[in-house]
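The file final-v2.pdb comes next; it holds PDB, C-alpha atoms and all ligand atoms.
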ATOM      1  CA  MET I   1     127.350  93.776  82.002  1.00  0.00           C
ATOM      2  CA  SER I   2     124.050  93.957  80.236  1.00  0.00           C
ATOM      3  CA  ALA I   3     123.194  96.711  77.782  1.00  0.00           C
ATOM      4  CA  LYS I   4     120.993  99.474  79.183  1.00  0.00           C
ATOM      5  CA  ALA I   5     117.823 100.316  77.310  1.00  0.00           C
ATOM      6  CA  MET I   6     115.614 103.339  77.719  1.00  0.00           C
ATOM      7  CA  VAL I   7     112.141 103.445  76.245  1.00  0.00           C
ATOM      8  CA  PHE I   8     110.772 106.725  74.834  1.00  0.00           C
ATOM      9  CA  ILE I   9     107.034 106.759  74.141  1.00  0.00           C
ATOM     10  CA  ASP I  10     105.329 109.405  72.037  1.00  0.00           C
ATOM     11  CA  GLY I  11     101.977 109.347  73.844  1.00  0.00           C
ATOM     12  CA  VAL I  12     100.144 111.134  71.031  1.00  0.00           C
ATOM     13  CA  TRP I  13     101.458 108.633  68.496  1.00  0.00           C
ATOM     14  CA  LEU I  14     100.461 105.712  70.708  1.00  0.00           C
ATOM     15  CA  TYR I  15      96.978 107.119  71.202  1.00  0.00           C
ATOM     16  CA  ARG I  16      96.643 107.612  67.439  1.00  0.00           C
ATOM     17  CA  SER I  17      97.844 104.042  66.767  1.00  0.00           C
ATOM     18  CA  ARG I  18      95.467 102.301  69.153  1.00  0.00           C
ATOM     19  CA  GLY I  19      92.845 101.856  66.434  1.00  0.00           C
ATOM     20  CA  THR I  20      95.228  99.676  64.414  1.00  0.00           C
ATOM     21  CA  LEU I  21      95.832  97.465  67.446  1.00  0.00           C
ATOM     22  CA  PHE I  22      92.105  97.103  68.051  1.00  0.00           C
ATOM     23  CA  GLN I  23      91.471  96.190  64.399  1.00  0.00           C
ATOM     24  CA  LYS I  24      94.227  93.636  64.486  1.00  0.00           C
ATOM     25  CA  LEU I  25      92.392  91.706  67.198  1.00  0.00           C
ATOM     26  CA  GLY I  26      88.956  92.441  65.728  1.00  0.00           C
ATOM     27  CA  GLU I  27      87.961  94.537  68.743  1.00  0.00           C
ATOM     28  CA  GLU I  28      86.528  97.651  67.129  1.00  0.00           C
ATOM     29  CA  ASN I  29      85.343  98.961  70.497  1.00  0.00           C
ATOM     30  CA  GLY I  30      88.859  98.833  71.818  1.00  0.00           C
ATOM     31  CA  PHE I  31      90.594  97.210  74.746  1.00  0.00           C
ATOM     32  CA  GLU I  32      92.904  98.263  77.505  1.00  0.00           C
ATOM     33  CA  ILE I  33      96.628  98.344  76.902  1.00  0.00           C
ATOM     34  CA  ASP I  34      98.915  96.767  79.469  1.00  0.00           C
ATOM     35  CA  TYR I  35     101.145  99.769  80.039  1.00  0.00           C
ATOM     36  CA  ALA I  36     103.214  98.059  82.713  1.00  0.00           C
ATOM     37  CA  LYS I  37     104.058  95.219  80.347  1.00  0.00           C
ATOM     38  CA  LEU I  38     104.562  97.274  77.175  1.00  0.00           C
ATOM     39  CA  PRO I  39     108.177  98.458  77.761  1.00  0.00           C
ATOM     40  CA  ARG I  40     109.220  94.985  78.900  1.00  0.00           C
ATOM     41  CA  ILE I  41     107.883  93.420  75.681  1.00  0.00           C
ATOM     42  CA  LEU I  42     109.922  95.868  73.603  1.00  0.00           C
ATOM     43  CA  CYS I  43     113.022  95.309  75.704  1.00  0.00           C
ATOM     44  CA  GLU I  44     112.736  91.542  75.368  1.00  0.00           C
ATOM     45  CA  ASP I  45     112.460  91.927  71.627  1.00  0.00           C
ATOM     46  CA  VAL I  46     115.810  93.739  71.482  1.00  0.00           C
ATOM     47  CA  ALA I  47     117.381  91.215  73.881  1.00  0.00           C
ATOM     48  CA  ASN I  48     116.210  88.318  71.703  1.00  0.00           C
ATOM     49  CA  PHE I  49     117.655  89.913  68.600  1.00  0.00           C
ATOM     50  CA  LEU I  50     121.015  90.619  70.244  1.00  0.00           C
ATOM     51  CA  ASP I  51     120.970  87.334  72.136  1.00  0.00           C
ATOM     52  CA  GLU I  52     122.290  89.121  75.208  1.00  0.00           C
ATOM     53  CA  ASP I  53     120.869  90.610  78.398  1.00  0.00           C
ATOM     54  CA  VAL I  54     119.217  93.999  78.090  1.00  0.00           C
ATOM     55  CA  SER I  55     118.098  95.839  81.209  1.00  0.00           C
ATOM     56  CA  LEU I  56     115.317  98.368  81.088  1.00  0.00           C
ATOM     57  CA  VAL I  57     116.557 101.445  82.948  1.00  0.00           C
ATOM     58  CA  ARG I  58     113.629 103.789  82.379  1.00  0.00           C
ATOM     59  CA  THR I  59     110.465 104.394  80.407  1.00  0.00           C
ATOM     60  CA  ASN I  60     109.903 108.008  79.406  1.00  0.00           C
ATOM     61  CA  TYR I  61     106.404 108.955  78.323  1.00  0.00           C
ATOM     62  CA  PHE I  62     105.594 112.242  76.593  1.00  0.00           C
ATOM     63  CA  GLY I  63     102.072 113.566  76.521  1.00  0.00           C
ATOM     64  CA  THR I  64      99.924 116.660  76.437  1.00  0.00           C
ATOM     65  CA  ILE I  65      96.917 117.876  78.344  1.00  0.00           C
ATOM     66  CA  PRO I  66      94.525 120.710  77.453  1.00  0.00           C
ATOM     67  CA  SER I  67      95.210 123.806  79.539  1.00  0.00           C
ATOM     68  CA  ALA I  68      92.697 124.740  82.220  1.00  0.00           C
ATOM     69  CA  ARG I  69      91.264 127.616  80.203  1.00  0.00           C
ATOM     70  CA  SER I  70      90.312 125.303  77.318  1.00  0.00           C
ATOM     71  CA  GLY I  71      87.301 124.308  79.425  1.00  0.00           C
ATOM     72  CA  PHE I  72      87.858 120.540  79.171  1.00  0.00           C
ATOM     73  CA  ASN I  73      87.523 118.249  82.136  1.00  0.00           C
ATOM     74  CA  THR I  74      91.054 116.927  82.401  1.00  0.00           C
ATOM     75  CA  SER I  75      90.732 114.913  85.605  1.00  0.00           C
ATOM     76  CA  LYS I  76      90.611 111.571  83.734  1.00  0.00           C
ATOM     77  CA  GLN I  77      93.737 112.416  81.791  1.00  0.00           C
ATOM     78  CA  TYR I  78      95.586 113.467  84.930  1.00  0.00           C
ATOM     79  CA  ALA I  79      94.522 110.231  86.592  1.00  0.00           C
ATOM     80  CA  PHE I  80      95.874 108.269  83.618  1.00  0.00           C
ATOM     81  CA  TYR I  81      99.271 110.006  83.750  1.00  0.00           C
ATOM     82  CA  ASP I  82      99.363 109.489  87.495  1.00  0.00           C
ATOM     83  CA  PHE I  83      98.655 105.783  86.936  1.00  0.00           C
ATOM     84  CA  LEU I  84     101.551 105.550  84.455  1.00  0.00           C
ATOM     85  CA  GLU I  85     103.913 107.045  87.049  1.00  0.00           C
ATOM     86  CA  ARG I  86     102.745 105.272  90.190  1.00  0.00           C
ATOM     87  CA  SER I  87     101.657 101.884  88.928  1.00  0.00           C
ATOM     88  CA  CYS I  88     103.785 101.394  85.812  1.00  0.00           C
ATOM     89  CA  GLY I  89     107.006 103.144  86.856  1.00  0.00           C
ATOM     90  CA  TYR I  90     106.990 105.564  83.925  1.00  0.00           C
ATOM     91  CA  GLU I  91     108.691 108.935  83.963  1.00  0.00           C
ATOM     92  CA  THR I  92     106.146 111.255  82.388  1.00  0.00           C
ATOM     93  CA  GLU I  93     106.626 114.637  80.756  1.00  0.00           C
ATOM     94  CA  ILE I  94     103.263 116.264  80.204  1.00  0.00           C
ATOM     95  CA  HIS I  95     102.820 119.580  78.435  1.00  0.00           C
ATOM     96  CA  GLU I  96      99.810 121.712  79.079  1.00  0.00           C
ATOM     97  CA  ILE I  97      98.683 123.183  75.781  1.00  0.00           C
ATOM     98  CA  ASP I  98      95.918 125.513  74.717  1.00  0.00           C
ATOM     99  CA  ILE I  99      94.399 123.243  72.067  1.00  0.00           C
ATOM    100  CA  VAL I 100      91.844 125.830  70.981  1.00  0.00           C
ATOM    101  CA  SER I 101      94.299 128.465  69.843  1.00  0.00           C
ATOM    102  CA  SER I 102      97.230 126.304  68.836  1.00  0.00           C
ATOM    103  CA  GLY I 103      95.587 124.110  66.181  1.00  0.00           C
ATOM    104  CA  ASP I 104      94.910 120.447  65.535  1.00  0.00           C
ATOM    105  CA  ARG I 105      98.345 118.893  65.415  1.00  0.00           C
ATOM    106  CA  SER I 106     100.149 120.991  68.014  1.00  0.00           C
ATOM    107  CA  ASP I 107      99.991 118.150  70.554  1.00  0.00           C
ATOM    108  CA  GLU I 108     102.080 116.023  68.177  1.00  0.00           C
ATOM    109  CA  CYS I 109     104.670 118.784  67.852  1.00  0.00           C
ATOM    110  CA  TRP I 110     104.999 118.974  71.617  1.00  0.00           C
ATOM    111  CA  THR I 111     105.508 115.260  72.121  1.00  0.00           C
ATOM    112  CA  LYS I 112     107.893 114.886  69.168  1.00  0.00           C
ATOM    113  CA  LEU I 113     110.065 117.773  70.280  1.00  0.00           C
ATOM    114  CA  SER I 114     110.139 116.828  73.935  1.00  0.00           C
ATOM    115  CA  LEU I 115     110.913 113.200  73.081  1.00  0.00           C
ATOM    116  CA  SER I 116     113.733 114.296  70.749  1.00  0.00           C
ATOM    117  CA  ALA I 117     115.166 116.620  73.397  1.00  0.00           C
ATOM    118  CA  ALA I 118     115.113 113.879  76.060  1.00  0.00           C
ATOM    119  CA  LEU I 119     116.660 111.333  73.658  1.00  0.00           C
ATOM    120  CA  LEU I 120     119.651 113.657  73.139  1.00  0.00           C
ATOM    121  CA  TYR I 121     119.810 114.795  76.757  1.00  0.00           C
ATOM    122  CA  TYR I 122     120.157 111.224  78.045  1.00  0.00           C
ATOM    123  CA  ALA I 123     122.525 110.350  75.180  1.00  0.00           C
ATOM    124  CA  ALA I 124     124.825 113.075  76.532  1.00  0.00           C
ATOM    125  CA  GLN I 125     124.728 111.694  80.101  1.00  0.00           C
ATOM    126  CA  PRO I 126     127.556 109.161  80.415  1.00  0.00           C
ATOM    127  CA  GLY I 127     126.209 105.659  80.948  1.00  0.00           C
ATOM    128  CA  ALA I 128     122.524 106.648  80.918  1.00  0.00           C
ATOM    129  CA  TYR I 129     121.606 104.273  78.080  1.00  0.00           C
ATOM    130  CA  ASP I 130     123.133 102.161  75.311  1.00  0.00           C
ATOM    131  CA  ILE I 131     119.958 101.444  73.398  1.00  0.00           C
ATOM    132  CA  ALA I 132     116.986 103.743  72.883  1.00  0.00           C
ATOM    133  CA  ILE I 133     113.658 102.163  72.044  1.00  0.00           C
ATOM    134  CA  VAL I 134     111.622 104.895  70.379  1.00  0.00           C
ATOM    135  CA  MET I 135     107.927 104.273  70.174  1.00  0.00           C
ATOM    136  CA  GLY I 136     106.721 106.351  67.242  1.00  0.00           C
ATOM    137  CA  ASP I 137     107.680 105.965  63.575  1.00  0.00           C
ATOM    138  CA  ASP I 138     107.100 109.525  62.369  1.00  0.00           C
ATOM    139  CA  PRO I 139     109.923 110.757  60.123  1.00  0.00           C
ATOM    140  CA  GLU I 140     110.305 113.940  62.215  1.00  0.00           C
ATOM    141  CA  PHE I 141     112.287 111.903  64.736  1.00  0.00           C
ATOM    142  CA  GLU I 142     115.070 111.414  62.198  1.00  0.00           C
ATOM    143  CA  PRO I 143     117.321 114.395  63.140  1.00  0.00           C
ATOM    144  CA  ALA I 144     117.441 113.537  66.843  1.00  0.00           C
ATOM    145  CA  ILE I 145     117.867 109.810  66.200  1.00  0.00           C
ATOM    146  CA  ARG I 146     120.736 110.393  63.789  1.00  0.00           C
ATOM    147  CA  ARG I 147     122.519 112.636  66.310  1.00  0.00           C
ATOM    148  CA  ALA I 148     122.064 110.115  69.115  1.00  0.00           C
ATOM    149  CA  ARG I 149     123.485 107.406  66.848  1.00  0.00           C
ATOM    150  CA  LEU I 150     126.519 109.597  66.176  1.00  0.00           C
ATOM    151  CA  MET I 151     127.042 109.524  69.936  1.00  0.00           C
ATOM    152  CA  GLY I 152     127.297 105.749  69.751  1.00  0.00           C
ATOM    153  CA  LYS I 153     123.757 104.915  70.829  1.00  0.00           C
ATOM    154  CA  ARG I 154     121.813 102.130  69.169  1.00  0.00           C
ATOM    155  CA  MET I 155     118.224 102.779  68.109  1.00  0.00           C
ATOM    156  CA  GLN I 156     115.201 100.579  68.002  1.00  0.00           C
ATOM    157  CA  ILE I 157     112.131 102.071  66.363  1.00  0.00           C
ATOM    158  CA  VAL I 158     108.661 100.792  67.137  1.00  0.00           C
ATOM    159  CA  GLY I 159     105.981 101.567  64.579  1.00  0.00           C
ATOM    160  CA  ILE I 160     102.784 100.361  63.005  1.00  0.00           C
ATOM    161  CA  ARG I 161     102.705  98.363  59.764  1.00  0.00           C
ATOM    162  CA  PRO I 162     102.274 100.929  56.994  1.00  0.00           C
ATOM    163  CA  PRO I 163      98.859 100.885  55.309  1.00  0.00           C
ATOM    164  CA  GLU I 164      98.696  99.962  51.602  1.00  0.00           C
ATOM    165  CA  GLY I 165      99.782 102.787  49.362  1.00  0.00           C
ATOM    166  CA  MET I 166     101.567 104.824  52.021  1.00  0.00           C
ATOM    167  CA  ARG I 167     104.535 106.775  50.667  1.00  0.00           C
ATOM    168  CA  PRO I 168     107.684 104.925  51.765  1.00  0.00           C
ATOM    169  CA  ASP I 169     109.357 108.096  53.073  1.00  0.00           C
ATOM    170  CA  ALA I 170     106.395 108.745  55.397  1.00  0.00           C
ATOM    171  CA  SER I 171     107.855 106.177  57.771  1.00  0.00           C
ATOM    172  CA  LEU I 172     110.990 106.534  59.842  1.00  0.00           C
ATOM    173  CA  PHE I 173     111.915 102.934  58.998  1.00  0.00           C
ATOM    174  CA  ASN I 174     112.722 103.876  55.427  1.00  0.00           C
ATOM    175  CA  ARG I 175     114.985 106.741  56.348  1.00  0.00           C
ATOM    176  CA  HIS I 176     118.686 106.231  55.979  1.00  0.00           C
ATOM    177  CA  ARG I 177     120.779 105.546  59.104  1.00  0.00           C
ATOM    178  CA  THR I 178     118.056 105.625  61.710  1.00  0.00           C
ATOM    179  CA  CYS I 179     117.681 102.049  62.904  1.00  0.00           C
ATOM    180  CA  ASP I 180     120.065  99.451  64.324  1.00  0.00           C
ATOM    181  CA  PHE I 181     117.589  96.612  64.596  1.00  0.00           C
ATOM    182  CA  PRO I 182     114.900  95.072  62.392  1.00  0.00           C
ATOM    183  CA  PRO I 183     111.656  97.084  62.588  1.00  0.00           C
ATOM    184  CA  VAL I 184     109.256  96.260  65.363  1.00  0.00           C
ATOM    185  CA  TYR I 185     105.578  96.692  64.533  1.00  0.00           C
ATOM    186  CA  LEU I 186     103.379  97.198  67.535  1.00  0.00           C
ATOM    187  CA  ASP I 187     100.396  95.644  65.734  1.00  0.00           C
ATOM    188  CA  ASP I 188     102.339  92.356  65.570  1.00  0.00           C
ATOM    189  CA  HIS I 189     102.406  92.441  69.381  1.00  0.00           C
ATOM    190  CA  ALA I 190      98.736  93.434  69.782  1.00  0.00           C
ATOM    191  CA  ALA I 191      97.786  90.273  71.661  1.00  0.00           C
ATOM    192  CA  GLU I 192     100.689  90.706  74.085  1.00  0.00           C
ATOM    193  CA  VAL I 193     100.036  94.365  74.864  1.00  0.00           C
ATOM    194  CA  ARG I 194      96.372  93.737  75.536  1.00  0.00           C
ATOM    195  CA  LEU I 195      95.647  93.929  79.242  1.00  0.00           C
ATOM    196  CA  VAL I 196      94.272  90.677  80.573  1.00  0.00           C
ATOM    197  CA  ARG I 197      92.608  91.232  83.892  1.00  0.00           C
ATOM    198  CA  GLU I 198      93.019  88.350  86.196  1.00  0.00           C
ATOM    199  CA  ARG I 199      90.088  87.488  88.469  1.00  0.00           C
ATOM    200  CA  ARG I 200      91.153  86.743  92.007  1.00  0.00           C
ATOM    201  CA  ILE I 201      89.958  86.899  95.591  1.00  0.00           C
ATOM    202  CA  ARG I 202      91.021  89.989  97.514  1.00  0.00           C
ATOM    203  CA  THR I 203      90.391  91.255 101.023  1.00  0.00           C
ATOM    204  CA  CYS I 204      88.583  94.556 101.545  1.00  0.00           C
ATOM    205  CA  LYS I 205      90.803  97.141 103.191  1.00  0.00           C
ATOM    206  CA  GLN I 206      87.812  98.648 105.009  1.00  0.00           C
ATOM    207  CA  CYS I 207      85.783  95.691 106.349  1.00  0.00           C
ATOM    208  CA  GLY I 208      88.029  92.684 105.716  1.00  0.00           C
ATOM    209  CA  ARG I 209      85.417  90.859 103.567  1.00  0.00           C
ATOM    210  CA  GLU I 210      86.761  88.714 100.724  1.00  0.00           C
ATOM    211  CA  GLU I 211      85.474  89.242  97.212  1.00  0.00           C
ATOM    212  CA  GLU I 212      86.358  88.238  93.651  1.00  0.00           C
ATOM    213  CA  THR I 213      87.726  91.144  91.630  1.00  0.00           C
ATOM    214  CA  THR I 214      89.787  92.102  88.590  1.00  0.00           C
ATOM    215  CA  TRP I 215      91.105  95.206  90.351  1.00  0.00           C
ATOM    216  CA  ALA I 216      94.905  95.024  90.556  1.00  0.00           C
ATOM    217  CA  GLY I 217      95.566  98.366  92.272  1.00  0.00           C
ATOM    218  CA  PRO I 218      97.217  98.630  95.697  1.00  0.00           C
ATOM    219  CA  ASP I 219      94.083  99.059  97.879  1.00  0.00           C
ATOM    220  CA  PHE I 220      90.985  96.967  97.376  1.00  0.00           C
ATOM    221  CA  PHE I 221      87.542  97.912  98.702  1.00  0.00           C
ATOM    222  CA  CYS I 222      84.617  95.483  98.380  1.00  0.00           C
ATOM    223  CA  SER I 223      81.398  96.378  96.553  1.00  0.00           C
ATOM    224  CA  ASN I 224      79.626  97.238  99.842  1.00  0.00           C
ATOM    225  CA  CYS I 225      82.307  99.610 101.018  1.00  0.00           C
ATOM    226  CA  ARG I 226      82.669 101.223  97.590  1.00  0.00           C
ATOM    227  CA  GLY I 227      78.909 101.889  97.558  1.00  0.00           C
ATOM    228  CA  ARG I 228      79.019 103.425 101.021  1.00  0.00           C
ATOM    229  CA  TYR I 229      81.967 105.575 100.031  1.00  0.00           C
ATOM    230  CA  ARG I 230      80.125 106.880  96.951  1.00  0.00           C
ATOM    231  CA  SER I 231      76.931 107.780  98.793  1.00  0.00           C
ATOM    232  CA  SER I 232      78.623 109.565 101.678  1.00  0.00           C
TER
HETATM  233 ZN    ZN I 301      84.345  96.140 102.575  1.00  0.00          ZN
END
Please rewrite the model in this file as structure tokens.
Ligand SMILES: [Zn+2]
Amino acid sequence: MSAKAMVFIDGVWLYRSRGTLFQKLGEENGFEIDYAKLPRILCEDVANFLDEDVSLVRTNYFGTIPSARSGFNTSKQYAFYDFLERSCGYETEIHEIDIVSSGDRSDECWTKLSLSAALLYYAAQPGAYDIAIVMGDDPEFEPAIRRARLMGKRMQIVGIRPPEGMRPDASLFNRHRTCDFPPVYLDDHAAEVRLVRERRIRTCKQCGREEETTWAGPDFFCSNCRGRYRSS
């Protein structure tokens, strides 16, 4: 039987780390991340190291969203989280926070604590996972990771290569008894996690016309029908 892996993504950490990925490929204006592929890349990495089958049982994503009274337009963010669930198969846990009154880094606290809680919750469910792949190398994850390891779970930590001059203890990798595998640096995988949109011919759901597109979503509407939809 293959080992079961669960991926835990600190969404705030990933958002913060995007810049490093962009720099790595010399794309200062950024690029899209292939969220559907991301957990599979990490899983394959563990499988290659172990030289055995590893099955991905779930990807848990932790994020925040400004509360309605903050006055931000959150529709784009909701659409993104919806996309992660529907199109990428993620399980998302999104916390609504009042970013005005709770300070700059409160979103990080929310994602770190909810990720830690889920890591231990699933560790306590018999047979839920054997290997946790934690995306986020902040040292605050150490207590939860150490407890999960005491429960016999193996840990893979995914981070970003530390910048020159960073204090060694600022990274989870340098903490004692946290990691069961060699470190994985997301920036080393930048080219793989970059979304490559394939151009192909698709049939319009409305009028049946065929058109070349990079849209990979379930329903395709041609440029004519999209225009009509917008103006109505
Ligand atoms: Zn059409």
Coordinates-based distance that separates CA of Asn73 in chain I from CA of Gly19 in chain I (Å, one decimal):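 If I compute the distance from CA of Gly19 in chain I to CA of Asn73 in chain I, I get 23.3 Å.
Between Ile131 in chain I and the candidates I:Asp187, I:Asp53, I:Glu85, I:Glu192, the tightest atom-to-atom separation, counting all atoms listed in the file, involves I:Asp53.
Residue membership of the PyMOL selection byres (((chain I and resi 177-181) around 7) and not hetatm) in the shown file amounts to Glu142, Ile145, Arg146, Arg154, Met155, Gln156, Ile157, Arg175, His176, Pro182 and Pro183 of chain I.
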Contacts of ligand ZN 301 (chain I), 9 Å or closer, all atoms listed in the file, given as an MDAnalysis selection string: chainID I and resid 203:211 220:226
Nearest-residue call for Gly89 in chain I, choices I:Asp45, I:Leu38, I:Ala128, I:Met135, using all atoms listed in the file: I:Leu38
On this file, the PyMOL selection byres (((chain I and resi 39) around 10) and not hetatm) gives some set of residues; write that set as a JSON list (two decimals) with C-alpha atoms, keeping the file's coordinate frame.
[["chain", "number", "residue", "atom", "x", "y", "z"],
["I", 5, "ALA", "CA", 117.82, 100.32, 77.31],
["I", 6, "MET", "CA", 115.61, 103.34, 77.72],
["I", 7, "VAL", "CA", 112.14, 103.44, 76.24],
["I", 8, "PHE", "CA", 110.77, 106.72, 74.83],
["I", 9, "ILE", "CA", 107.03, 106.76, 74.14],
["I", 34, "ASP", "CA", 98.92, 96.77, 79.47],
["I", 35, "TYR", "CA", 101.14, 99.77, 80.04],
["I", 36, "ALA", "CA", 103.21, 98.06, 82.71],
["I", 37, "LYS", "CA", 104.06, 95.22, 80.35],
["I", 38, "LEU", "CA", 104.56, 97.27, 77.18],
["I", 40, "ARG", "CA", 109.22, 94.98, 78.90],
["I", 41, "ILE", "CA", 107.88, 93.42, 75.68],
["I", 42, "LEU", "CA", 109.92, 95.87, 73.60],
["I", 43, "CYS", "CA", 113.02, 95.31, 75.70],
["I", 44, "GLU", "CA", 112.74, 91.54, 75.37],
["I", 45, "ASP", "CA", 112.46, 91.93, 71.63],
["I", 56, "LEU", "CA", 115.32, 98.37, 81.09],
["I", 58, "ARG", "CA", 113.63, 103.79, 82.38],
["I", 59, "THR", "CA", 110.46, 104.39, 80.41],
["I", 60, "ASN", "CA", 109.90, 108.01, 79.41],
["I", 88, "CYS", "CA", 103.78, 101.39, 85.81],
["I", 90, "TYR", "CA", 106.99, 105.56, 83.92],
["I", 133, "ILE", "CA", 113.66, 102.16, 72.04],
["I", 135, "MET", "CA", 107.93, 104.27, 70.17],
["I", 193, "VAL", "CA", 100.04, 94.36, 74.86]]
CA of Tyr78 in chain I to CA of Gly159 in chain I, distance in Å rounded to a single decimal: 25.8 Å
Atom pair CA of Phe62 in chain I / CA of Thr214 in chain I: separation (Å): 28.3 Å
Residue contacts of Val158 in chain I (7 Å, all atoms listed in the file) excluding same-chain residues fewer than 5 positions away, as a VMD selection string: chain I and resid 134 to 137 183 to 186
Nearby residues (all atoms listed in the file) at most 7 Å from range 107-119 of chain I, same-chain spacing under 5 positions excluded, as a list in words: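 Selected residues are Phe8, Asp10, Val12, Phe62, Gly63, Thr64, Phe141 and Ala144 of chain I.
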